[in-house]
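Before any comments, here is the structure.
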Amino acid sequence: MNAMRIGMALVGMACVALAAEQVPVAVKGTAGELRVGPKGLSLTPAVAACPASEATGEHWWAVVLEPAQGTNSSKVLLESQSQGTPQVKEAGDGLKLTYRSLCSGKESYDIALTLTFRVKDGAFEVGGEIRNNTKAWVVKSFTGPVFNGIRTELSQTPILLPSGFGWRISGVPQDEKGLKPWSRLGSNLAVSAVYPGQGGTMQWLSYAGGAGGLYFGCHDPRYGAKTLTARYDPVRKSFGAAFQHQVFVRAGERFALPPMIVRPYAGDWHVGARAYRAWADSAGRQIEKPAWAKTASGWLLAILKQQNGDVMWPYSTLDKLCDVADQRGLDILGLFGWAYGGHDHLYPDYNPCPVLGGEKALREGIRQAHVRGKRVVLYANGQLEERGTAYWTTTGQHLAVTRKDGSTVQEFWHKYGNTPGYQFDIGCHATAGWRERMLSLALQASDFGADGILYDQLGMRSPTACYAANHGHPVPFMSYEADRKEMLREIARKMKKVNPEFVIMTEGFHDAILDSVSYFHGCVRGTFQESAGLIAKRFGASRGDDLFPEMMRYTYPEVCSTIRFPSPLVDRPMVNYTLAFGLRYEIESRYIPDRDYLLDGRIPEVGDYGVVLSKPDISLVRTLPPKETAEYLKKAAAFQKKNAALLMTGTFVDTEGFAFSGPGLVAKGFGAGDLLGVLLWNTQDKPAAFTLSVPRASLTSASEPEKDNVEAFSELAPQSVRLLVWKRK
């Protein structure tokens, strides 16, 4: 049959063979033309500034099989270029490719793969289905479709990858010594984000130029396990993009591939972010946060009792913790190590500790904190169960995530060089027992009077396979995926009925759990402590790779997340960074020298931390003036709350809506109704001039944390911030 070119409105059910001598079949739309041929996929975008993709003859999809339980075969890789000719069928507004069976060498497998291509909403949508008709094999992953042969220069069209709050890749390695952040992927190089978890927080990436770009989004309402990858071919000097779905399709099952959206667009990177957010809004709603959480300035994270038994903050001293928080303008006390076992010991048992004062004193301490205007969040780990404890022996070991060989997935946590650490199994969230345990901890926290619970690590861990036959889930099963999401959603739903003001927090961030988590403890790329010099360089000349927190903040401006600053202070550059991106503050009291610094103003000696394995930045604590450092944090927190309508509950609009220039300065916009606030941050150690204008608007105020009224367009002092507020006409 002659080759076909298929337009937007296709009719008929004729089949064609996709043979090597044929011209590729194609789907056309306003976004351009997507061609499917023997060498793979090619994309000719209608947007001139968007890079094209040209088929290279490389594999453009792959399926990995693993043997079913009880069989001893090795894994099998099935790749596109090793298959027979698929059938091609016109289907509605696109086309369908069907491989009735898949092969590897001379072996054939009764596994069917269907891939569909169509035009949708000005973009291309690629979907399909895997059907496993075998008994001896499980489909373990599907990679594809892979777009290869993208011709562009990363200096002009950087890759935006959702690792943490965002990662911008602006260059490729010049030699083996400078390979990072890239890693080897066969003969190619790759940068990846594993979703959902700290390494992959959203389901989209982009080749994002200033005037146009190429958006790749997986619009998966299950928020399933996947790896987002951008590739580089050093021989062809071209790029690629792919999603690998970690999915178990067991014998007799079928799996619908989540839609992959390919959108050439005109404009800057914000267009891609808006496309993903529009889909996210259609897929589900974020949890409604209590008013207090929306405007909470951040927290004092305090470990009351350490893993080795060191007691730092008895329950009777929570009032003193409130003093410390007041001195720094912080609204929340995050109580870690509050239970009998101390921090990272005896989990998931969290019982009031007699050494700290007992349950009555804990309740009274929380009550006093409320009198002082503080909110209290109690710690619980969302995944760890210590091996050898009474709980583990009777119950927990039967709830642990289990590998195919019968071993369990474990973690080891060790805080002091002169005391033993502890070994933990990882709880499987699909088990009724683990879910009940986690809910009981939230109910307990609420009963003690706390305003929320932190389930540590649940925004961090990537999906993890479980092969346990007694968990009530199919085998094998991908845990820390839909089960984690459903567990947190169930707890949030029940806790809203108990106390509508109660919040769930977690460490890290990913958008699969925005329907349950109100407040995040930042522990991902874009939240960590950095030197003033490095912070400044992020926004200067383009480097090989940079933090790009704008990616998450623009996509999800409602997210409330602290920074991660594991010290009893926050330096001035990080305070300004927190303001500029609409984040929340944190200081941490983890060890006895931290407590002494906060409580008595004692500057620690290097040796004071002795055998502590994870020390704070001691040089920072020793060199920054305690009083001035605390006062600036307090002023900045008050400034943020004073301007909460813009900086806390407003919409982060990044650089949209205003024109700005100023070397060494960062300018970020926040909108609320007819107001636009532009937060300026001078990252340098010298005064800086700037120009700023907002079309069709009038300036209403200019202020700084240390000055209520300033000359709006005067030079900005070193390492300082200024908010200019405009009213649109």
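Labels for the structure tokens follow display order: chains A, B, ..., residues from 1 in each chain, ligands from 1.
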Name all residues at most 10 Å from Arg254 (chain A) (count only C-alpha atoms; drop same-chain ones fewer than 5 positions away) and give them as JSON, numbers by chain. {"A": [111, 112, 113, 129, 130, 131, 132, 133, 139, 248, 249]}
Atoms to include: C-alpha atoms. Write the selected residues as a CSV table (one decimal), in the first residue's frame.
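Dumped to selection-v1.csv:
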```csv
chain,number,residue,atom,x,y,z
A,111,ILE,CA,3.3,-9.3,24.5
A,112,ALA,CA,1.4,-6.8,22.4
A,113,LEU,CA,2.4,-3.1,22.2
A,129,GLU,CA,-1.1,0.1,25.7
A,130,ILE,CA,1.0,-2.9,26.7
A,131,ARG,CA,-0.8,-6.3,26.9
A,132,ASN,CA,1.1,-9.2,28.6
A,133,ASN,CA,-0.3,-12.5,27.4
A,139,VAL,CA,6.9,-6.3,32.0
A,248,PHE,CA,4.7,-4.0,36.5
A,249,VAL,CA,2.4,-5.6,33.9
```
DSSP on the backbone, then: every residue of region 71-239 of chain A marked strand (DSSP E), written as a count of residues only. 91
Near-region 512-529 of chain A list (6 Å; only C-alpha atoms; drop same-chain fewer than 2 positions) as a list of chain:residue names: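 Once the nearby chain positions are removed, what remains is A:Gly164, A:Phe165, A:Gln198, A:Tyr223, A:Gln286, A:Ile287, A:Lys289, A:Lys485, A:Leu488, A:Arg489, A:Ala492, A:Val503, A:Ile504, A:Met505, A:Thr506, A:Glu507, A:Gly508, A:His510, A:Leu547, A:Pro549, A:Cys560, A:Ser561, A:Thr562, A:Ile563, A:Arg564, A:Phe565.
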The selected residues should be written to file as a short mmCIF file (atom, residue, chain, number, x, y, z; two decimals), in the first residue's frame (atoms: C-alpha atoms).
```
data_model
loop_
_atom_site.label_atom_id
_atom_site.label_comp_id
_atom_site.auth_asym_id
_atom_site.auth_seq_id
_atom_site.Cartn_x
_atom_site.Cartn_y
_atom_site.Cartn_z
CA GLY A 164 14.23 19.18 43.29
CA PHE A 165 12.79 22.63 42.75
CA GLN A 198 13.40 14.27 45.69
CA TYR A 223 1.47 10.12 39.21
CA GLN A 286 -4.37 20.72 46.05
CA ILE A 287 -5.36 20.39 49.68
CA LYS A 289 -4.39 24.79 53.71
CA LYS A 485 -0.24 9.06 47.70
CA LEU A 488 -1.36 10.41 52.88
CA ARG A 489 -4.64 11.44 51.27
CA ALA A 492 -5.40 14.05 55.54
CA VAL A 503 -1.64 19.87 58.86
CA ILE A 504 0.43 17.13 57.35
CA MET A 505 4.04 17.96 56.57
CA THR A 506 6.75 15.94 54.93
CA GLU A 507 10.42 16.27 54.11
CA GLY A 508 11.29 17.04 50.51
CA HIS A 510 6.98 16.24 44.83
CA LEU A 547 19.79 25.48 40.39
CA PRO A 549 13.97 27.00 41.69
CA CYS A 560 4.68 26.42 51.32
CA SER A 561 8.16 25.05 51.86
CA THR A 562 10.97 25.84 54.25
CA ILE A 563 14.56 26.03 53.16
CA ARG A 564 17.00 23.46 54.61
CA PHE A 565 19.65 25.09 56.76
#
```
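Proximity of A:His471, A:Lys415, A:Lys374, A:His245 to Asn308 (chain A), computed with only C-alpha atoms, is greatest for A:Lys415.
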Tell me, as a ChimeraX atom specification, which residues lie within 7 Å of region 582-599 of chain A, counting only C-alpha atoms; anything in the same chain fewer than 2 positions away does not count. /A:297-303,312,324,560-570,578-580,601-604,608-609,647-648
Store the residues picked out above in a file with N, CA and C atoms, as a PDB file, in the first residue's frame.
```pdb
ATOM      1  N   SER A 297       5.842  31.766  59.054  1.00  0.00           N
ATOM      2  CA  SER A 297       7.129  32.230  58.539  1.00  0.00           C
ATOM      3  C   SER A 297       8.163  31.124  58.408  1.00  0.00           C
ATOM      4  N   GLY A 298       7.971  30.032  59.112  1.00  0.00           N
ATOM      5  CA  GLY A 298       8.940  28.947  59.094  1.00  0.00           C
ATOM      6  C   GLY A 298       9.059  28.340  60.467  1.00  0.00           C
ATOM      7  N   TRP A 299      10.086  27.488  60.641  1.00  0.00           N
ATOM      8  CA  TRP A 299      10.145  26.788  61.917  1.00  0.00           C
ATOM      9  C   TRP A 299      11.533  26.728  62.518  1.00  0.00           C
ATOM     10  N   LEU A 300      11.508  26.537  63.831  1.00  0.00           N
ATOM     11  CA  LEU A 300      12.687  26.164  64.594  1.00  0.00           C
ATOM     12  C   LEU A 300      12.625  24.652  64.751  1.00  0.00           C
ATOM     13  N   LEU A 301      13.494  23.955  64.025  1.00  0.00           N
ATOM     14  CA  LEU A 301      13.548  22.498  64.093  1.00  0.00           C
ATOM     15  C   LEU A 301      14.445  22.139  65.268  1.00  0.00           C
ATOM     16  N   ALA A 302      13.866  21.531  66.276  1.00  0.00           N
ATOM     17  CA  ALA A 302      14.618  21.229  67.494  1.00  0.00           C
ATOM     18  C   ALA A 302      14.539  19.737  67.808  1.00  0.00           C
ATOM     19  N   ILE A 303      15.697  19.101  67.911  1.00  0.00           N
ATOM     20  CA  ILE A 303      15.761  17.717  68.377  1.00  0.00           C
ATOM     21  C   ILE A 303      15.841  17.753  69.900  1.00  0.00           C
ATOM     22  N   MET A 312      18.474  17.559  75.251  1.00  0.00           N
ATOM     23  CA  MET A 312      18.771  18.972  74.994  1.00  0.00           C
ATOM     24  C   MET A 312      17.621  19.889  75.372  1.00  0.00           C
ATOM     25  N   VAL A 324      13.516  31.468  71.729  1.00  0.00           N
ATOM     26  CA  VAL A 324      14.458  31.386  70.610  1.00  0.00           C
ATOM     27  C   VAL A 324      13.741  31.677  69.297  1.00  0.00           C
ATOM     28  N   CYS A 560       3.979  25.872  50.163  1.00  0.00           N
ATOM     29  CA  CYS A 560       4.676  26.422  51.325  1.00  0.00           C
ATOM     30  C   CYS A 560       5.796  25.456  51.695  1.00  0.00           C
ATOM     31  N   SER A 561       7.018  25.907  51.566  1.00  0.00           N
ATOM     32  CA  SER A 561       8.160  25.046  51.862  1.00  0.00           C
ATOM     33  C   SER A 561       9.233  25.837  52.575  1.00  0.00           C
ATOM     34  N   THR A 562       9.809  25.231  53.606  1.00  0.00           N
ATOM     35  CA  THR A 562      10.967  25.836  54.246  1.00  0.00           C
ATOM     36  C   THR A 562      12.200  25.598  53.377  1.00  0.00           C
ATOM     37  N   ILE A 563      13.242  26.365  53.659  1.00  0.00           N
ATOM     38  CA  ILE A 563      14.559  26.027  53.156  1.00  0.00           C
ATOM     39  C   ILE A 563      15.130  24.931  54.047  1.00  0.00           C
ATOM     40  N   ARG A 564      16.316  24.432  53.725  1.00  0.00           N
ATOM     41  CA  ARG A 564      16.998  23.458  54.605  1.00  0.00           C
ATOM     42  C   ARG A 564      18.343  24.053  55.005  1.00  0.00           C
ATOM     43  N   PHE A 565      18.439  24.445  56.259  1.00  0.00           N
ATOM     44  CA  PHE A 565      19.648  25.087  56.755  1.00  0.00           C
ATOM     45  C   PHE A 565      20.030  24.427  58.076  1.00  0.00           C
ATOM     46  N   PRO A 566      20.763  23.325  58.033  1.00  0.00           N
ATOM     47  CA  PRO A 566      21.013  22.526  59.242  1.00  0.00           C
ATOM     48  C   PRO A 566      22.025  23.163  60.190  1.00  0.00           C
ATOM     49  N   SER A 567      21.719  24.352  60.639  1.00  0.00           N
ATOM     50  CA  SER A 567      22.548  25.111  61.575  1.00  0.00           C
ATOM     51  C   SER A 567      21.638  25.916  62.489  1.00  0.00           C
ATOM     52  N   PRO A 568      22.167  26.380  63.623  1.00  0.00           N
ATOM     53  CA  PRO A 568      21.336  27.177  64.529  1.00  0.00           C
ATOM     54  C   PRO A 568      21.218  28.638  64.101  1.00  0.00           C
ATOM     55  N   LEU A 569      21.500  28.918  62.851  1.00  0.00           N
ATOM     56  CA  LEU A 569      21.365  30.267  62.308  1.00  0.00           C
ATOM     57  C   LEU A 569      21.145  30.164  60.807  1.00  0.00           C
ATOM     58  N   VAL A 570      20.740  31.284  60.207  1.00  0.00           N
ATOM     59  CA  VAL A 570      20.657  31.400  58.748  1.00  0.00           C
ATOM     60  C   VAL A 570      21.446  32.635  58.358  1.00  0.00           C
ATOM     61  N   THR A 578      15.553  33.201  50.457  1.00  0.00           N
ATOM     62  CA  THR A 578      14.244  32.735  50.905  1.00  0.00           C
ATOM     63  C   THR A 578      13.158  33.755  50.578  1.00  0.00           C
ATOM     64  N   LEU A 579      13.451  35.012  50.817  1.00  0.00           N
ATOM     65  CA  LEU A 579      12.501  36.074  50.484  1.00  0.00           C
ATOM     66  C   LEU A 579      12.243  36.144  48.986  1.00  0.00           C
ATOM     67  N   ALA A 580      13.317  36.096  48.208  1.00  0.00           N
ATOM     68  CA  ALA A 580      13.190  36.287  46.762  1.00  0.00           C
ATOM     69  C   ALA A 580      12.315  35.224  46.117  1.00  0.00           C
ATOM     70  N   GLY A 601      23.836  31.922  73.930  1.00  0.00           N
ATOM     71  CA  GLY A 601      24.706  32.735  73.090  1.00  0.00           C
ATOM     72  C   GLY A 601      26.151  32.265  73.074  1.00  0.00           C
ATOM     73  N   ARG A 602      26.403  31.025  73.488  1.00  0.00           N
ATOM     74  CA  ARG A 602      27.771  30.513  73.537  1.00  0.00           C
ATOM     75  C   ARG A 602      28.254  30.134  72.134  1.00  0.00           C
ATOM     76  N   ILE A 603      29.358  30.724  71.704  1.00  0.00           N
ATOM     77  CA  ILE A 603      29.938  30.392  70.399  1.00  0.00           C
ATOM     78  C   ILE A 603      30.669  29.063  70.526  1.00  0.00           C
ATOM     79  N   PRO A 604      30.308  28.059  69.743  1.00  0.00           N
ATOM     80  CA  PRO A 604      30.920  26.740  69.912  1.00  0.00           C
ATOM     81  C   PRO A 604      32.367  26.698  69.431  1.00  0.00           C
ATOM     82  N   ASP A 608      33.756  21.072  70.194  1.00  0.00           N
ATOM     83  CA  ASP A 608      32.520  20.830  70.940  1.00  0.00           C
ATOM     84  C   ASP A 608      31.635  19.781  70.270  1.00  0.00           C
ATOM     85  N   TYR A 609      31.737  19.695  68.951  1.00  0.00           N
ATOM     86  CA  TYR A 609      30.900  18.734  68.229  1.00  0.00           C
ATOM     87  C   TYR A 609      31.519  17.337  68.222  1.00  0.00           C
ATOM     88  N   LEU A 647       3.905  38.281  49.159  1.00  0.00           N
ATOM     89  CA  LEU A 647       5.069  37.408  49.303  1.00  0.00           C
ATOM     90  C   LEU A 647       4.747  36.030  49.862  1.00  0.00           C
ATOM     91  N   MET A 648       3.546  35.841  50.446  1.00  0.00           N
ATOM     92  CA  MET A 648       3.224  34.547  51.035  1.00  0.00           C
ATOM     93  C   MET A 648       1.990  33.908  50.411  1.00  0.00           C
TER      94      MET A 648
END
```
Please identify every residue of region 162-250 of chain A that has at least one atom no farther than 9 Å from an atom of region 257-279 of chain A, counting only C-alpha atoms, and for each give the shortest atom pair and the distance in Å to one decimal, arranged by chain then increasing number, as a Markdown table.
```
| residue | atom | partner | partner_atom | distance |
| --- | --- | --- | --- | --- |
| A:Met202 | CA | A:Tyr276 | CA | 8.9 |
| A:Gln203 | CA | A:Tyr276 | CA | 8.1 |
| A:Trp204 | CA | A:Tyr276 | CA | 7.1 |
| A:Leu205 | CA | A:Gly272 | CA | 8.4 |
| A:Ser206 | CA | A:Gly272 | CA | 7.1 |
| A:Tyr207 | CA | A:Trp269 | CA | 8.3 |
| A:Ala208 | CA | A:Trp269 | CA | 5.1 |
| A:Gly209 | CA | A:Asp268 | CA | 6.0 |
| A:Gly210 | CA | A:Asp268 | CA | 4.6 |
| A:Ala211 | CA | A:Gly267 | CA | 4.5 |
| A:Gly212 | CA | A:Ala266 | CA | 4.2 |
| A:Gly213 | CA | A:Tyr265 | CA | 5.5 |
| A:Leu214 | CA | A:Pro264 | CA | 4.6 |
| A:Tyr215 | CA | A:Arg263 | CA | 5.0 |
| A:Phe216 | CA | A:Val262 | CA | 4.9 |
| A:Gly217 | CA | A:Ile261 | CA | 5.0 |
| A:Cys218 | CA | A:Met260 | CA | 4.5 |
| A:His219 | CA | A:Pro259 | CA | 5.5 |
| A:Asp220 | CA | A:Pro258 | CA | 5.0 |
| A:Pro221 | CA | A:Pro258 | CA | 8.0 |
| A:Arg222 | CA | A:Pro258 | CA | 8.5 |
| A:Gly224 | CA | A:Pro258 | CA | 8.6 |
| A:Phe243 | CA | A:Met260 | CA | 8.3 |
| A:His245 | CA | A:Leu257 | CA | 8.3 |
```
Residues just named, written with N, CA, C and O atoms as an mmCIF file, in the first residue's frame:
```cif
data_model
loop_
_atom_site.group_PDB
_atom_site.id
_atom_site.type_symbol
_atom_site.label_atom_id
_atom_site.label_comp_id
_atom_site.auth_asym_id
_atom_site.auth_seq_id
_atom_site.Cartn_x
_atom_site.Cartn_y
_atom_site.Cartn_z
ATOM 1 N N MET A 202 8.277 16.828 39.425
ATOM 2 C CA MET A 202 7.152 17.060 38.524
ATOM 3 C C MET A 202 7.344 16.170 37.302
ATOM 4 O O MET A 202 8.387 15.556 37.122
ATOM 5 N N GLN A 203 6.329 16.117 36.443
ATOM 6 C CA GLN A 203 6.354 15.192 35.310
ATOM 7 C C GLN A 203 6.562 15.930 33.980
ATOM 8 O O GLN A 203 5.908 15.617 32.989
ATOM 9 N N TRP A 204 7.476 16.896 33.971
ATOM 10 C CA TRP A 204 7.740 17.585 32.709
ATOM 11 C C TRP A 204 9.175 18.079 32.663
ATOM 12 O O TRP A 204 9.811 18.325 33.689
ATOM 13 N N LEU A 205 9.684 18.171 31.439
ATOM 14 C CA LEU A 205 10.974 18.783 31.175
ATOM 15 C C LEU A 205 10.833 19.598 29.906
ATOM 16 O O LEU A 205 9.851 19.467 29.170
ATOM 17 N N SER A 206 11.823 20.424 29.653
ATOM 18 C CA SER A 206 11.701 21.315 28.504
ATOM 19 C C SER A 206 13.069 21.684 27.965
ATOM 20 O O SER A 206 14.033 21.807 28.728
ATOM 21 N N TYR A 207 13.147 21.801 26.639
ATOM 22 C CA TYR A 207 14.252 22.498 25.987
ATOM 23 C C TYR A 207 13.744 23.919 25.797
ATOM 24 O O TYR A 207 12.896 24.173 24.941
ATOM 25 N N ALA A 208 14.244 24.828 26.631
ATOM 26 C CA ALA A 208 13.568 26.111 26.816
ATOM 27 C C ALA A 208 14.433 27.274 26.357
ATOM 28 O O ALA A 208 15.350 27.695 27.065
ATOM 29 N N GLY A 209 14.139 27.785 25.169
ATOM 30 C CA GLY A 209 14.812 28.973 24.678
ATOM 31 C C GLY A 209 14.076 30.234 25.086
ATOM 32 O O GLY A 209 12.989 30.185 25.673
ATOM 33 N N GLY A 210 14.655 31.375 24.738
ATOM 34 C CA GLY A 210 14.030 32.633 25.104
ATOM 35 C C GLY A 210 12.813 32.968 24.280
ATOM 36 O O GLY A 210 11.903 33.665 24.744
ATOM 37 N N ALA A 211 12.761 32.479 23.037
ATOM 38 C CA ALA A 211 11.644 32.797 22.144
ATOM 39 C C ALA A 211 10.818 31.584 21.754
ATOM 40 O O ALA A 211 9.780 31.711 21.101
ATOM 41 N N GLY A 212 11.257 30.400 22.160
ATOM 42 C CA GLY A 212 10.516 29.189 21.809
ATOM 43 C C GLY A 212 11.147 27.988 22.471
ATOM 44 O O GLY A 212 12.317 28.026 22.897
ATOM 45 N N GLY A 213 10.390 26.917 22.570
ATOM 46 C CA GLY A 213 10.915 25.738 23.225
ATOM 47 C C GLY A 213 10.120 24.496 22.894
ATOM 48 O O GLY A 213 9.119 24.536 22.164
ATOM 49 N N LEU A 214 10.581 23.383 23.448
ATOM 50 C CA LEU A 214 9.965 22.086 23.205
ATOM 51 C C LEU A 214 9.667 21.450 24.561
ATOM 52 O O LEU A 214 10.580 21.121 25.330
ATOM 53 N N TYR A 215 8.376 21.315 24.851
ATOM 54 C CA TYR A 215 7.889 20.811 26.137
ATOM 55 C C TYR A 215 7.584 19.326 26.019
ATOM 56 O O TYR A 215 6.923 18.881 25.062
ATOM 57 N N PHE A 216 8.078 18.548 26.986
ATOM 58 C CA PHE A 216 7.743 17.139 27.099
ATOM 59 C C PHE A 216 7.098 16.933 28.466
ATOM 60 O O PHE A 216 7.748 17.119 29.505
ATOM 61 N N GLY A 217 5.834 16.559 28.474
ATOM 62 C CA GLY A 217 5.131 16.345 29.725
ATOM 63 C C GLY A 217 4.451 14.998 29.735
ATOM 64 O O GLY A 217 3.881 14.570 28.725
ATOM 65 N N CYS A 218 4.533 14.302 30.862
ATOM 66 C CA CYS A 218 3.754 13.084 31.031
ATOM 67 C C CYS A 218 2.543 13.447 31.877
ATOM 68 O O CYS A 218 2.662 13.730 33.067
ATOM 69 N N HIS A 219 1.387 13.471 31.245
ATOM 70 C CA HIS A 219 0.163 13.865 31.931
ATOM 71 C C HIS A 219 -0.502 12.617 32.506
ATOM 72 O O HIS A 219 -1.509 12.130 31.998
ATOM 73 N N ASP A 220 0.124 12.129 33.562
ATOM 74 C CA ASP A 220 -0.237 10.852 34.168
ATOM 75 C C ASP A 220 -1.030 11.107 35.444
ATOM 76 O O ASP A 220 -0.460 11.479 36.475
ATOM 77 N N PRO A 221 -2.339 10.904 35.442
ATOM 78 C CA PRO A 221 -3.147 11.181 36.639
ATOM 79 C C PRO A 221 -2.863 10.227 37.790
ATOM 80 O O PRO A 221 -3.250 10.509 38.926
ATOM 81 N N ARG A 222 -2.189 9.107 37.518
ATOM 82 C CA ARG A 222 -1.783 8.207 38.607
ATOM 83 C C ARG A 222 -0.524 8.714 39.306
ATOM 84 O O ARG A 222 -0.171 8.242 40.372
ATOM 85 N N GLY A 224 2.429 8.048 38.399
ATOM 86 C CA GLY A 224 3.156 6.792 38.496
ATOM 87 C C GLY A 224 4.661 6.955 38.423
ATOM 88 O O GLY A 224 5.197 8.006 38.051
ATOM 89 N N PHE A 243 10.728 9.337 28.439
ATOM 90 C CA PHE A 243 10.204 8.921 29.736
ATOM 91 C C PHE A 243 10.336 7.400 29.826
ATOM 92 O O PHE A 243 9.984 6.685 28.891
ATOM 93 N N HIS A 245 8.847 4.425 32.074
ATOM 94 C CA HIS A 245 7.814 4.107 33.057
ATOM 95 C C HIS A 245 8.199 2.830 33.790
ATOM 96 O O HIS A 245 8.375 1.779 33.169
#
```
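The smallest atom-to-atom distance between Leu692 (chain A) and any of A:Trp392, A:Phe670, A:Phe255, A:Phe658, using only C-alpha atoms, is found for A:Phe658.
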Which residues in region 596-691 of chain A does DSSP call alpha helix (DSSP H)? List them as a ChimeraX atom specification. /A:596-600,618-623,626-642,644-647
